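Enquirer: Handing over start34.txt, compact mmCIF, C-alpha atoms.
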```txt
# COMPACT_ATOMS: atom_id res chain seq x y z
CA MET A 1 -117.39 -84.54 168.88
CA SER A 2 -116.01 -87.71 170.46
CA GLU A 3 -115.39 -85.89 173.75
CA LEU A 4 -118.99 -84.66 173.76
CA SER A 5 -120.16 -88.23 173.14
CA VAL A 6 -118.11 -89.61 176.02
CA THR A 7 -119.36 -86.83 178.30
CA ALA A 8 -122.96 -87.55 177.33
CA GLU A 9 -122.49 -91.28 178.01
CA SER A 10 -120.92 -90.55 181.39
CA ARG A 11 -123.78 -88.26 182.32
CA ALA A 12 -126.29 -90.89 181.23
CA LEU A 13 -124.54 -93.53 183.37
CA VAL A 14 -124.51 -91.22 186.40
CA ALA A 15 -128.18 -90.39 185.81
CA ASP A 16 -129.04 -94.10 185.56
CA ILE A 17 -127.27 -94.81 188.85
CA ALA A 18 -129.01 -91.85 190.47
CA ARG A 19 -132.40 -93.17 189.38
CA ARG A 20 -131.78 -96.54 190.97
CA PRO A 21 -133.27 -97.14 194.41
CA VAL A 22 -130.74 -96.67 197.16
CA MET A 23 -131.13 -100.30 198.29
CA ASP A 24 -130.12 -101.55 194.83
CA ILE A 25 -126.82 -99.71 195.19
CA VAL A 26 -126.41 -100.99 198.74
CA ARG A 27 -126.99 -104.60 197.64
CA CYS A 28 -124.46 -104.23 194.82
CA ALA A 29 -121.88 -102.66 197.15
CA PHE A 30 -122.25 -105.42 199.74
CA PHE A 31 -122.01 -108.22 197.15
CA ILE A 32 -118.91 -106.89 195.41
CA GLY A 33 -117.34 -105.64 198.65
CA ILE A 34 -117.68 -109.00 200.41
CA LEU A 35 -116.25 -110.90 197.46
CA LEU A 36 -113.26 -108.57 197.28
CA LEU A 37 -112.79 -108.74 201.06
CA VAL A 38 -112.56 -112.53 200.83
CA TRP A 39 -110.57 -112.70 197.61
CA ILE A 40 -108.08 -109.90 198.23
CA SER A 41 -108.22 -110.00 202.07
CA LEU A 42 -107.22 -107.30 204.54
CA HIS A 43 -103.53 -108.12 204.06
CA PRO A 44 -102.83 -108.38 200.32
CA PHE A 45 -99.31 -108.52 198.90
CA GLU A 46 -97.69 -109.73 202.11
CA ASP A 47 -93.93 -109.46 202.31
CA LEU A 48 -92.78 -113.08 202.69
CA SER A 49 -89.17 -112.18 203.40
CA GLY A 50 -89.93 -112.01 207.12
CA PHE A 51 -92.91 -114.36 207.20
CA TYR A 52 -93.06 -117.32 209.56
CA VAL A 53 -95.48 -120.22 209.40
CA GLY A 54 -96.51 -119.89 213.02
CA GLU A 55 -98.04 -116.48 212.33
CA VAL A 56 -100.88 -117.90 210.28
CA THR A 57 -102.42 -119.56 213.32
CA SER A 58 -101.76 -116.84 215.87
CA GLY A 59 -105.25 -115.36 215.85
CA ARG A 60 -103.97 -111.91 214.90
CA GLU A 61 -107.09 -111.09 212.87
CA ALA A 62 -109.11 -109.55 215.71
CA PHE A 63 -110.46 -106.85 213.41
CA LEU A 64 -111.61 -109.52 210.95
CA TYR A 65 -113.77 -111.13 213.64
CA GLY A 66 -115.56 -107.87 214.35
CA LEU A 67 -115.91 -107.02 210.66
CA PHE A 68 -117.54 -110.33 209.75
CA GLY A 69 -119.76 -110.12 212.83
CA VAL A 70 -121.08 -106.77 211.62
CA LEU A 71 -121.40 -108.07 208.06
CA MET A 72 -123.43 -111.05 209.28
CA VAL A 73 -125.97 -108.79 210.98
CA ALA A 74 -126.11 -106.47 207.96
CA MET A 75 -126.56 -109.31 205.49
CA LEU A 76 -129.38 -110.86 207.51
CA ALA A 77 -131.07 -107.46 207.65
CA LEU A 78 -130.72 -107.04 203.88
CA THR A 79 -131.98 -110.48 202.90
CA ALA A 80 -134.27 -111.88 205.60
CA ARG A 81 -137.49 -110.06 204.69
CA ASP A 82 -137.57 -110.98 201.00
CA ASN A 83 -135.80 -114.35 201.24
CA LEU A 84 -137.15 -116.00 204.36
CA PRO A 85 -138.12 -119.24 202.53
CA ALA A 86 -134.57 -119.51 201.15
CA LEU A 87 -133.03 -119.02 204.58
CA LYS A 88 -135.40 -121.55 206.13
CA SER A 89 -134.47 -124.06 203.41
CA LEU A 90 -130.92 -124.15 204.80
CA MET A 91 -132.20 -126.03 207.85
CA THR A 92 -131.50 -129.40 206.23
CA PRO A 93 -130.55 -132.55 208.18
CA ALA A 94 -127.07 -132.59 206.60
CA PHE A 95 -126.26 -129.00 207.60
CA LEU A 96 -127.89 -129.21 211.03
CA LEU A 97 -126.24 -132.48 212.08
CA PHE A 98 -122.83 -131.33 210.94
CA GLY A 99 -123.20 -128.01 212.74
CA ALA A 100 -124.40 -129.72 215.92
CA TRP A 101 -121.47 -132.13 215.92
CA ILE A 102 -118.98 -129.28 215.48
CA CYS A 103 -120.46 -127.65 218.59
CA VAL A 104 -119.98 -130.94 220.46
CA THR A 105 -116.30 -131.08 219.43
CA VAL A 106 -115.78 -127.57 220.81
CA VAL A 107 -116.89 -128.80 224.23
CA PHE A 108 -114.43 -131.72 224.14
CA ALA A 109 -111.67 -129.76 222.39
CA PHE A 110 -108.06 -130.02 223.50
CA ASP A 111 -108.08 -126.19 223.55
CA PRO A 112 -111.75 -125.13 224.00
CA ALA A 113 -111.04 -121.37 224.04
CA THR A 114 -109.22 -121.45 220.70
CA SER A 115 -111.80 -123.78 219.22
CA LEU A 116 -114.72 -121.58 220.30
CA LYS A 117 -113.05 -118.42 219.01
CA ARG A 118 -112.40 -119.94 215.60
CA LEU A 119 -115.91 -121.37 215.46
CA ALA A 120 -117.35 -117.89 216.04
CA LEU A 121 -115.57 -116.47 213.00
CA SER A 122 -116.54 -119.53 210.95
CA VAL A 123 -120.21 -119.02 211.82
CA PHE A 124 -120.02 -115.34 210.85
CA VAL A 125 -118.41 -116.20 207.51
CA ILE A 126 -120.83 -119.06 206.73
CA VAL A 127 -123.89 -116.87 207.38
CA VAL A 128 -122.44 -114.06 205.24
CA THR A 129 -121.72 -116.52 202.43
CA ALA A 130 -125.14 -118.18 202.68
CA THR A 131 -126.87 -114.82 202.27
CA LEU A 132 -124.53 -113.45 199.58
CA LEU A 133 -126.34 -115.10 196.67
CA LEU A 134 -129.67 -113.77 197.95
CA LEU A 135 -128.63 -110.16 197.23
CA PRO A 136 -128.99 -110.21 193.40
CA LYS A 137 -132.57 -109.93 192.24
CA SER A 138 -131.94 -111.17 188.71
CA GLN A 139 -129.55 -113.06 186.47
CA GLY A 140 -128.33 -109.77 185.01
CA GLU A 141 -127.38 -108.35 188.40
CA LEU A 142 -125.54 -111.53 189.38
CA MET A 143 -123.55 -111.53 186.13
CA ARG A 144 -122.59 -107.86 186.40
CA TRP A 145 -121.58 -108.07 190.03
CA PHE A 146 -119.57 -111.28 189.56
CA SER A 147 -117.77 -109.80 186.53
CA ILE A 148 -116.92 -106.54 188.32
CA ALA A 149 -115.50 -108.35 191.36
CA ALA A 150 -113.52 -110.81 189.20
CA LEU A 151 -112.04 -108.08 187.01
CA VAL A 152 -111.08 -105.95 190.02
CA LEU A 153 -109.28 -108.95 191.54
CA LEU A 154 -107.50 -109.80 188.29
CA VAL A 155 -106.44 -106.20 187.63
CA THR A 156 -105.17 -105.95 191.22
CA CYS A 157 -103.10 -109.11 190.81
CA PHE A 158 -101.62 -108.04 187.47
CA LEU A 159 -100.82 -104.54 188.74
CA GLY A 160 -99.06 -106.15 191.68
CA VAL A 161 -96.93 -108.27 189.38
CA PHE A 162 -95.91 -105.30 187.22
CA LEU A 163 -95.63 -102.60 189.88
CA ALA A 164 -94.50 -104.54 192.98
CA PRO A 165 -93.05 -107.86 191.78
CA HIS A 166 -91.22 -108.48 195.07
CA LEU A 167 -94.64 -108.61 196.78
CA SER A 168 -96.50 -110.46 194.00
CA ILE A 169 -93.96 -113.02 192.80
CA HIS A 170 -92.19 -115.59 194.98
CA GLN A 171 -88.56 -114.59 195.50
CA ALA A 172 -85.41 -116.65 195.94
CA THR A 173 -84.87 -114.70 199.16
CA ASP A 174 -88.12 -115.95 200.75
CA PRO A 175 -87.00 -117.94 203.82
CA GLN A 176 -89.64 -120.66 203.59
CA GLU A 177 -89.85 -121.79 199.97
CA PRO A 178 -87.08 -120.24 197.88
CA ALA A 179 -87.61 -122.99 195.26
CA LEU A 180 -90.83 -121.21 194.23
CA ALA A 181 -88.87 -118.18 192.99
CA GLY A 182 -90.48 -116.73 189.86
CA ASN A 183 -93.94 -118.16 190.47
CA TRP A 184 -96.67 -115.53 190.45
CA ARG A 185 -98.88 -115.20 193.54
CA GLY A 186 -100.49 -111.80 192.98
CA ALA A 187 -102.33 -110.41 195.99
CA PHE A 188 -102.35 -113.84 197.64
CA GLY A 189 -99.93 -115.21 200.19
CA HIS A 190 -98.95 -118.29 198.19
CA LYS A 191 -98.91 -119.37 194.56
CA ASN A 192 -101.08 -122.41 195.34
CA VAL A 193 -103.91 -120.15 196.55
CA ALA A 194 -103.46 -117.89 193.54
CA ALA A 195 -103.55 -120.89 191.18
CA ALA A 196 -106.72 -122.29 192.75
CA MET A 197 -108.48 -118.92 192.56
CA MET A 198 -107.47 -118.44 188.92
CA ALA A 199 -108.90 -121.86 188.07
CA MET A 200 -112.19 -120.90 189.72
CA LEU A 201 -112.18 -117.58 187.86
CA ILE A 202 -111.81 -119.49 184.59
CA PHE A 203 -115.03 -121.33 185.46
CA LEU A 204 -116.64 -117.96 186.24
CA GLY A 205 -115.48 -116.49 182.92
CA ILE A 206 -116.93 -119.43 180.99
CA TYR A 207 -120.23 -118.93 182.81
CA LEU A 208 -120.29 -115.24 181.88
CA VAL A 209 -119.74 -116.09 178.21
CA ARG A 210 -122.45 -118.77 178.22
CA ALA A 211 -124.87 -116.45 180.01
CA GLY A 212 -124.42 -113.70 177.41
CA GLY A 213 -121.68 -111.56 178.94
CA TRP A 214 -119.23 -112.09 176.10
CA LEU A 215 -116.88 -109.17 176.69
CA SER A 216 -116.47 -109.58 180.44
CA GLY A 217 -116.46 -113.37 180.17
CA ILE A 218 -113.66 -113.49 177.62
CA ALA A 219 -111.66 -110.93 179.62
CA VAL A 220 -112.00 -112.87 182.89
CA THR A 221 -111.23 -116.23 181.28
CA THR A 222 -108.19 -114.97 179.38
CA LEU A 223 -106.66 -112.99 182.24
CA ALA A 224 -107.22 -115.83 184.72
CA ALA A 225 -105.73 -118.41 182.34
CA VAL A 226 -102.61 -116.30 181.78
CA PHE A 227 -102.13 -115.74 185.51
CA LEU A 228 -102.74 -119.42 186.26
CA PHE A 229 -99.98 -120.37 183.80
CA PHE A 230 -97.45 -118.10 185.50
CA THR A 231 -98.29 -119.40 188.98
CA ALA A 232 -96.89 -122.75 187.83
CA GLY A 233 -99.58 -124.39 189.94
CA LYS A 234 -99.47 -127.86 188.41
CA SER A 235 -102.20 -129.35 190.61
CA ALA A 236 -104.61 -126.48 189.90
CA ILE A 237 -103.94 -126.62 186.16
CA VAL A 238 -104.48 -130.38 185.94
CA LEU A 239 -107.58 -130.27 188.13
CA CYS A 240 -109.01 -127.33 186.17
CA VAL A 241 -108.72 -129.25 182.89
CA ALA A 242 -110.06 -132.44 184.50
CA VAL A 243 -113.10 -130.64 185.92
CA LEU A 244 -113.88 -129.00 182.58
CA MET A 245 -113.65 -132.36 180.82
CA LEU A 246 -115.76 -134.27 183.36
CA THR A 247 -118.49 -131.63 183.65
CA SER A 248 -118.76 -131.39 179.86
CA LEU A 249 -120.20 -134.93 180.00
CA MET A 250 -123.15 -133.88 182.17
CA PRO A 251 -125.53 -133.44 179.17
CA VAL A 252 -124.66 -137.00 178.11
CA ILE A 253 -124.77 -138.73 181.49
CA ARG A 254 -128.12 -137.89 183.08
CA SER A 255 -128.61 -140.49 185.82
CA ARG A 256 -127.75 -139.64 189.42
CA TRP A 257 -125.66 -142.77 189.94
CA GLY A 258 -123.85 -142.34 186.63
CA ARG A 259 -122.90 -138.79 187.55
CA ALA A 260 -121.87 -139.81 191.05
CA LEU A 261 -119.62 -142.53 189.66
CA LEU A 262 -118.07 -140.19 187.09
CA LEU A 263 -117.44 -137.24 189.44
CA LEU A 264 -116.64 -138.94 192.74
CA THR A 265 -114.43 -141.81 191.54
CA PRO A 266 -111.52 -139.41 190.86
CA LEU A 267 -112.01 -137.97 194.35
CA LEU A 268 -111.69 -141.43 195.90
CA LEU A 269 -108.62 -142.22 193.79
CA LEU A 270 -106.95 -138.92 194.67
CA ASN A 271 -107.24 -139.66 198.38
CA LEU A 272 -106.27 -143.31 198.07
CA LEU A 273 -103.14 -142.42 196.10
CA SER A 274 -102.20 -139.57 198.44
CA VAL A 275 -103.08 -140.05 202.12
CA GLY A 276 -103.80 -143.71 201.42
CA THR A 277 -100.17 -144.36 200.54
CA VAL A 278 -99.08 -143.77 204.14
CA MET A 279 -101.82 -146.09 205.40
CA SER A 280 -101.32 -149.03 203.06
CA ASP A 281 -98.17 -150.60 201.62
CA THR A 282 -100.23 -151.87 198.69
CA LEU A 283 -101.43 -148.37 197.78
CA ASP A 284 -97.88 -147.07 198.22
CA ALA A 285 -96.61 -149.73 195.80
CA ILE A 286 -99.29 -148.79 193.26
CA ALA A 287 -98.41 -145.09 193.60
CA ASN A 288 -94.73 -145.91 193.01
CA LEU A 289 -95.66 -147.42 189.65
CA LEU A 290 -97.23 -144.15 188.55
CA PRO A 291 -95.34 -141.10 187.23
CA LEU A 292 -95.82 -139.27 190.53
CA ASP A 293 -93.63 -137.72 193.21
CA THR A 294 -94.37 -140.36 195.84
CA SER A 295 -93.40 -137.95 198.62
CA PHE A 296 -96.00 -135.52 197.22
CA THR A 297 -93.60 -132.62 197.76
CA GLY A 298 -93.05 -133.58 201.38
CA ARG A 299 -96.74 -134.08 202.16
CA ALA A 300 -96.30 -137.78 202.98
CA ASP A 301 -94.45 -136.96 206.22
CA ILE A 302 -97.12 -134.60 207.45
CA TRP A 303 -99.89 -137.06 206.51
CA ALA A 304 -98.17 -139.78 208.54
CA PHE A 305 -97.82 -137.44 211.53
CA ALA A 306 -101.48 -136.36 211.26
CA LEU A 307 -102.72 -139.96 211.04
CA ASP A 308 -100.70 -140.97 214.10
CA SER A 309 -102.19 -138.04 216.01
CA LEU A 310 -105.71 -138.88 214.82
CA HIS A 311 -105.48 -142.43 216.18
CA GLN A 312 -105.17 -140.99 219.70
CA ARG A 313 -108.55 -139.18 219.45
CA LEU A 314 -110.34 -141.06 216.72
CA TRP A 315 -113.97 -140.35 217.68
CA THR A 316 -113.96 -136.79 218.95
CA GLY A 317 -110.85 -135.36 217.32
CA TYR A 318 -108.96 -132.51 218.97
CA GLY A 319 -111.82 -130.02 218.64
CA PHE A 320 -112.83 -127.67 215.87
CA GLU A 321 -109.69 -125.99 214.47
CA SER A 322 -107.91 -126.98 217.68
CA PHE A 323 -104.96 -129.08 216.54
CA TRP A 324 -102.44 -127.26 214.34
CA GLY A 325 -100.81 -124.33 216.04
CA THR A 326 -102.04 -125.28 219.53
CA ASN A 327 -100.68 -127.07 222.59
CA ALA A 328 -102.13 -130.32 221.24
CA ILE A 329 -98.78 -130.72 219.48
CA GLN A 330 -96.10 -131.29 222.11
CA ASN A 331 -93.28 -133.65 223.11
CA LEU A 332 -92.22 -133.92 219.48
CA GLN A 333 -89.59 -136.48 218.54
CA GLU A 334 -86.31 -135.40 217.04
CA GLY A 335 -86.82 -134.57 213.37
CA LYS A 336 -90.52 -133.77 213.89
CA GLU A 337 -90.02 -130.20 215.13
CA TRP A 338 -91.59 -128.86 211.92
CA ALA A 339 -95.02 -130.10 213.12
CA GLY A 340 -95.10 -127.35 215.74
CA TYR A 341 -95.06 -124.73 212.98
CA ALA A 342 -97.36 -126.43 210.45
CA SER A 343 -100.74 -124.81 209.82
CA HIS A 344 -102.50 -127.82 208.23
CA SER A 345 -101.92 -131.32 206.86
CA HIS A 346 -102.42 -130.53 203.15
CA ASN A 347 -105.58 -132.64 203.06
CA GLY A 348 -108.96 -131.19 203.95
CA TYR A 349 -110.56 -134.52 204.80
CA LEU A 350 -107.75 -135.52 207.13
CA ASP A 351 -107.81 -132.12 208.85
CA THR A 352 -111.56 -132.39 209.32
CA ALA A 353 -111.09 -135.76 211.02
CA LEU A 354 -108.33 -134.30 213.22
CA GLY A 355 -110.64 -131.54 214.38
CA THR A 356 -113.99 -133.33 214.57
CA GLY A 357 -113.18 -137.04 214.62
CA LEU A 358 -114.47 -139.71 212.26
CA PRO A 359 -118.14 -138.74 212.89
CA GLY A 360 -117.27 -135.21 211.81
CA LEU A 361 -115.63 -136.47 208.63
CA VAL A 362 -118.69 -138.57 207.77
CA LEU A 363 -121.00 -135.60 208.36
CA LEU A 364 -118.74 -133.32 206.30
CA ILE A 365 -118.97 -135.75 203.40
CA ALA A 366 -122.76 -135.79 203.76
CA ALA A 367 -122.96 -131.97 203.83
CA VAL A 368 -120.45 -130.89 201.18
CA VAL A 369 -119.99 -133.96 198.97
CA ILE A 370 -123.24 -135.93 198.76
CA LYS A 371 -125.78 -133.13 199.29
CA PRO A 372 -124.40 -130.71 196.64
CA LEU A 373 -124.35 -133.52 194.07
CA ARG A 374 -128.00 -134.27 194.81
CA ASP A 375 -128.76 -130.55 194.60
CA PHE A 376 -127.08 -130.33 191.19
CA GLN A 377 -129.14 -133.26 189.96
CA ALA A 378 -132.37 -131.63 191.16
CA ALA A 379 -131.47 -128.21 189.69
CA ASP A 380 -130.39 -129.71 186.37
CA LEU A 381 -133.45 -131.92 185.95
CA GLY A 382 -135.61 -128.92 186.82
CA GLY A 383 -134.00 -126.91 184.01
CA ASN A 384 -132.90 -124.15 186.39
CA ASP A 385 -130.38 -121.89 184.66
CA ALA A 386 -127.92 -124.38 183.14
CA PRO A 387 -124.88 -122.01 182.87
CA LEU A 388 -125.10 -120.94 186.52
CA THR A 389 -125.74 -124.48 187.74
CA LEU A 390 -122.69 -125.68 185.80
CA LEU A 391 -120.56 -122.86 187.25
CA PHE A 392 -121.37 -123.91 190.79
CA LEU A 393 -120.84 -127.59 189.94
CA ARG A 394 -117.35 -126.85 188.58
CA ILE A 395 -116.25 -124.75 191.55
CA TRP A 396 -117.63 -127.37 193.95
CA LEU A 397 -115.95 -130.28 192.15
CA PHE A 398 -112.65 -128.45 191.83
CA GLY A 399 -112.73 -127.73 195.58
CA LEU A 400 -113.39 -131.38 196.42
CA TYR A 401 -110.47 -132.55 194.30
CA LEU A 402 -108.13 -129.82 195.53
CA SER A 403 -108.87 -130.79 199.14
CA SER A 404 -106.99 -134.02 198.53
CA MET A 405 -103.79 -131.95 198.36
CA GLU A 406 -104.67 -128.77 200.24
CA SER A 407 -106.61 -128.01 203.41
CA PHE A 408 -109.23 -125.27 203.45
CA PHE A 409 -112.42 -126.95 204.69
CA LEU A 410 -113.96 -124.97 207.59
CA ASP A 411 -111.00 -122.57 207.52
CA ARG A 412 -112.89 -119.47 208.65
CA ALA A 413 -112.47 -116.67 206.04
CA ASP A 414 -110.10 -118.59 203.76
CA THR A 415 -110.35 -117.47 200.13
CA ILE A 416 -110.85 -120.91 198.61
CA TRP A 417 -113.21 -122.09 201.37
CA VAL A 418 -115.59 -119.14 200.95
CA THR A 419 -115.59 -119.48 197.15
CA PHE A 420 -116.28 -123.19 197.55
CA LEU A 421 -119.12 -122.39 199.98
CA ILE A 422 -120.67 -120.01 197.45
CA ALA A 423 -120.93 -122.97 195.06
CA VAL A 424 -122.39 -125.25 197.75
CA PHE A 425 -125.07 -122.72 198.71
CA GLY A 426 -125.64 -121.84 195.06
CA LEU A 427 -126.46 -125.45 194.21
CA HIS A 428 -128.70 -125.62 197.29
CA TYR A 429 -130.76 -122.61 196.19
CA LEU A 430 -130.95 -123.61 192.52
CA ALA A 431 -132.31 -127.02 193.52
CA ARG A 432 -135.21 -125.33 195.32
CA PHE A 433 -135.85 -121.91 193.75
CA ARG A 434 -135.76 -120.44 190.24
CA MET A 435 -133.44 -117.61 189.29
CA ARG A 436 -135.15 -114.57 187.76
CA ALA A 437 -134.14 -113.86 184.18
```
Go through the file and emit its structure as structure tokens.

Expert:
Amino acid sequence: MSELSVTAESRALVADIARRPVMDIVRCAFFIGILLLVWISLHPFEDLSGFYVGEVTSGREAFLYGLFGVLMVAMLALTARDNLPALKSLMTPAFLLFGAWICVTVVFAFDPATSLKRLALSVFVIVVTATLLLLPKSQGELMRWFSIAALVLLVTCFLGVFLAPHLSIHQATDPQEPALAGNWRGAFGHKNVAAAMMAMLIFLGIYLVRAGGWLSGIAVTTLAAVFLFFTAGKSAIVLCVAVLMLTSLMPVIRSRWGRALLLLTPLLLLNLLSVGTVMSDTLDAIANLLPLDTSFTGRADIWAFALDSLHQRLWTGYGFESFWGTNAIQNLQEGKEWAGYASHSHNGYLDTALGTGLPGLVLLIAAVVIKPLRDFQAADLGGNDAPLTLLFLRIWLFGLYLSSMESFFLDRADTIWVTFLIAVFGLHYLARFRMRA
């Protein structure tokens, strides 16, 4: 009898899918497929035993450029007709000025060809991300699609750990960072990326629970929390807890300035006590009084090198994504040879300044720090879907804090960058349009 029941349920599910309009299935496939493309990537479970840092900036992802170019056209075709007001709303001064300045930096780039090539992929990815949240037609669709993508990613990562641990767990034989041996990384290339993604998935799981998806929400939250623990990503764990604590005060603190002070003060402190320590002896002395690794796991050296390089091109920078891994780094002093193989400075704000100069940094702050906070305030005061608004706020805030120790801003199809962008665009839309129930 039970087999007959299962068969009947399966037939009913197939019949329900068959009754759905073809475009509904297409929208679902594009949403989930794009998320999994970004989260799992085209090269999951990389073998790090023969991996060299220089490879990450070699531009070997030619297929990825073409794929995202096609996806951009397809996504615009899928969303433009029914969501033209939403797309037009993206033409804000903050976004337009920042985009225009990036184009200027390409012209004055140290390596214009590399800068232009990387900008092309970034534009493709940004357009795809901006249209992604326009695919769901209701709250229910968004919840289901998010939960499916999250569970597929989590199952993939856990299967990797159990079935191919040498490709999913850092090994003592890895030439770059043997000290990370035993830390889980799943389908990702590094445990820090895995930890950051698991923290963001915890936020997603909490949203699913609050929005009514109890079963999927609990599953996503639990699996992500377990995986986060085994990554041993201390920064991600601390920031995850901090973000949950700070955002839980949003119902209590309602004023814009109160929220700005509460949420952005830690961001300022994180940067002052990290990059600031190599700029000021006073800040360095304060940091030494705290229970911190004052070398920040070797980051202090790379921050000092990046700041010295920035001083040489303070106003224009070296061009969009045209510093690390390019000929801009040459004539290195003895003991600085590692800079030729570095892929970033472990600080998103510093890397933005290196690529686009101080004007670019100011415009970045306007576009992805100040504007999303104002959007959250508008969406919250308008009573627009509190669980979803809080989800995007948490991912956005976590990304801002994490950028004080990692560098993913403007990094083309980077996993954390695209997930962060989803939150930025999500807050933008919720501040201006209402989500269907």

Enquirer: Which one of A:Asn192, A:Thr114, A:Asn83, A:Thr173 sits closest to Leu135 (chain A) if you count all atoms listed in the file?

Expert: A:Asn83

Enquirer: Residues near Gly213 (chain A), anyone? I mean within 10 Å using only C-alpha atoms, not counting same-chain ones fewer than 6 positions away, as an MDAnalysis selection string.

Expert: chainID A and resid 140 143:144 147 205:207

Enquirer: Can you pull out the residues contacting Leu388 (chain A)? Cut-off 12 Å, using only C-alpha atoms, and skip same-chain residues under 5 positions away; I want them as an mmCIF file with C-alpha atoms, in the frame of the given file.

Expert:
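See out.cif below for the written result:
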```cif
data_model
loop_
_atom_site.group_PDB
_atom_site.id
_atom_site.type_symbol
_atom_site.label_atom_id
_atom_site.label_comp_id
_atom_site.auth_asym_id
_atom_site.auth_seq_id
_atom_site.Cartn_x
_atom_site.Cartn_y
_atom_site.Cartn_z
ATOM 1 C CA LEU A 133 -126.340 -115.100 196.670
ATOM 2 C CA GLN A 139 -129.550 -113.060 186.470
ATOM 3 C CA GLY A 140 -128.330 -109.770 185.010
ATOM 4 C CA LEU A 142 -125.540 -111.530 189.380
ATOM 5 C CA MET A 143 -123.550 -111.530 186.130
ATOM 6 C CA PHE A 146 -119.570 -111.280 189.560
ATOM 7 C CA PHE A 203 -115.030 -121.330 185.460
ATOM 8 C CA LEU A 204 -116.640 -117.960 186.240
ATOM 9 C CA GLY A 205 -115.480 -116.490 182.920
ATOM 10 C CA ILE A 206 -116.930 -119.430 180.990
ATOM 11 C CA TYR A 207 -120.230 -118.930 182.810
ATOM 12 C CA LEU A 208 -120.290 -115.240 181.880
ATOM 13 C CA VAL A 209 -119.740 -116.090 178.210
ATOM 14 C CA ARG A 210 -122.450 -118.770 178.220
ATOM 15 C CA ALA A 211 -124.870 -116.450 180.010
ATOM 16 C CA GLY A 212 -124.420 -113.700 177.410
ATOM 17 C CA PHE A 376 -127.080 -130.330 191.190
ATOM 18 C CA ALA A 379 -131.470 -128.210 189.690
ATOM 19 C CA ASP A 380 -130.390 -129.710 186.370
ATOM 20 C CA GLY A 383 -134.000 -126.910 184.010
ATOM 21 C CA LEU A 393 -120.840 -127.590 189.940
ATOM 22 C CA ARG A 394 -117.350 -126.850 188.580
ATOM 23 C CA ILE A 395 -116.250 -124.750 191.550
ATOM 24 C CA ILE A 422 -120.670 -120.010 197.450
ATOM 25 C CA ALA A 423 -120.930 -122.970 195.060
ATOM 26 C CA GLY A 426 -125.640 -121.840 195.060
ATOM 27 C CA LEU A 427 -126.460 -125.450 194.210
ATOM 28 C CA TYR A 429 -130.760 -122.610 196.190
ATOM 29 C CA LEU A 430 -130.950 -123.610 192.520
ATOM 30 C CA ALA A 431 -132.310 -127.020 193.520
ATOM 31 C CA ARG A 434 -135.760 -120.440 190.240
ATOM 32 C CA MET A 435 -133.440 -117.610 189.290
ATOM 33 C CA ARG A 436 -135.150 -114.570 187.760
ATOM 34 C CA ALA A 437 -134.140 -113.860 184.180
#
```

Enquirer: Could you give me, as a PyMOL selection string, the residues within 12 Å of Phe31 (chain A), counting only C-alpha atoms and dropping anything in the same chain fewer than 6 positions from it?

Expert: chain A and resi 24-25+37-38+71+74-75+78-79+128-137+141-150+422

Enquirer: Taking 4 positions as the minimum chain separation for residues in the same chain, which residues sit within 12 Å of Pro44 (chain A) when counting only C-alpha atoms? Answer as a ChimeraX atom specification.

Expert: /A:36-40,48,153,156-157,160,164,167-168,185-190,194,415

Enquirer: Would you list the contacts of region 304-310 of chain A as a PyMOL selection string, taking every protein, DNA or RNA residue within 10 Å and counting only C-alpha atoms, but skipping same-chain residues closer than 3 positions in sequence?

Expert: chain A and resi 275-279+299-301+313-318+323-324+328-329+336+339+344-345+347+350-351+353-358

Enquirer: Could you tell me how far CA of Cys103 (chain A) lies from CA of Leu272 (chain A), in Å and to one decimal?

Expert: 29.5 Å

Enquirer: Using all atoms listed in the file, list the residues that have an atom at most 10 Å from (-125.9, -132.7, 202.0), coordinates as in the file, as an MDAnalysis selection string.

Expert: chainID A and resid 92:96 98 363:375 424 428

Enquirer: At a cut-off of 10 Å from (-113.2, -113.7, 208.8) in the coordinates of the file, what residues are picked up using only C-alpha atoms, written as a list in words?

Expert: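 Final list of nearby residues, as requested, is Leu37, Val38, Ser41, Leu42, Glu61, Ala62, Phe63, Leu64, Tyr65, Gly66, Leu67, Phe68, Gly69, Leu71, Arg118, Ala120, Leu121, Ser122, Val123, Phe124, Val125, Ile126, Val128, Asp411, Arg412, Ala413, Asp414, Thr415 and Val418 of chain A.
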
Enquirer: Using Å and a single decimal, report how far CA of Tyr349 (chain A) sits from CA of Phe108 (chain A).

Expert: 19.9 Å

Enquirer: For the atom pair CA of Val152 (chain A) and CA of Ala77 (chain A), what is the interatomic distance in Å to one decimal place?

Expert: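 Pair CA of Val152 (chain A) / CA of Ala77 (chain A) returns 26.7 Å.
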
Enquirer: From the set A:Gly325, A:Leu76, A:Leu249, A:Phe45, which residue has the shortest atom-to-atom contact distance to Leu163 (chain A), counting all atoms listed in the file?

Expert: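 Of all the options, A:Phe45 lies closest to Leu163 (chain A).
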
Enquirer: The centre and edge lengths of an axis-aligned box containing all atoms of region 344-361 of chain A present in the file, extended by 4 Å on each side, are to be given in Å to one decimal, as JSON.

Expert:
```
{"center_x": -110.0, "center_y": -133.8, "center_z": 208.8, "size_x": 24.2, "size_y": 19.9, "size_z": 19.6}
```
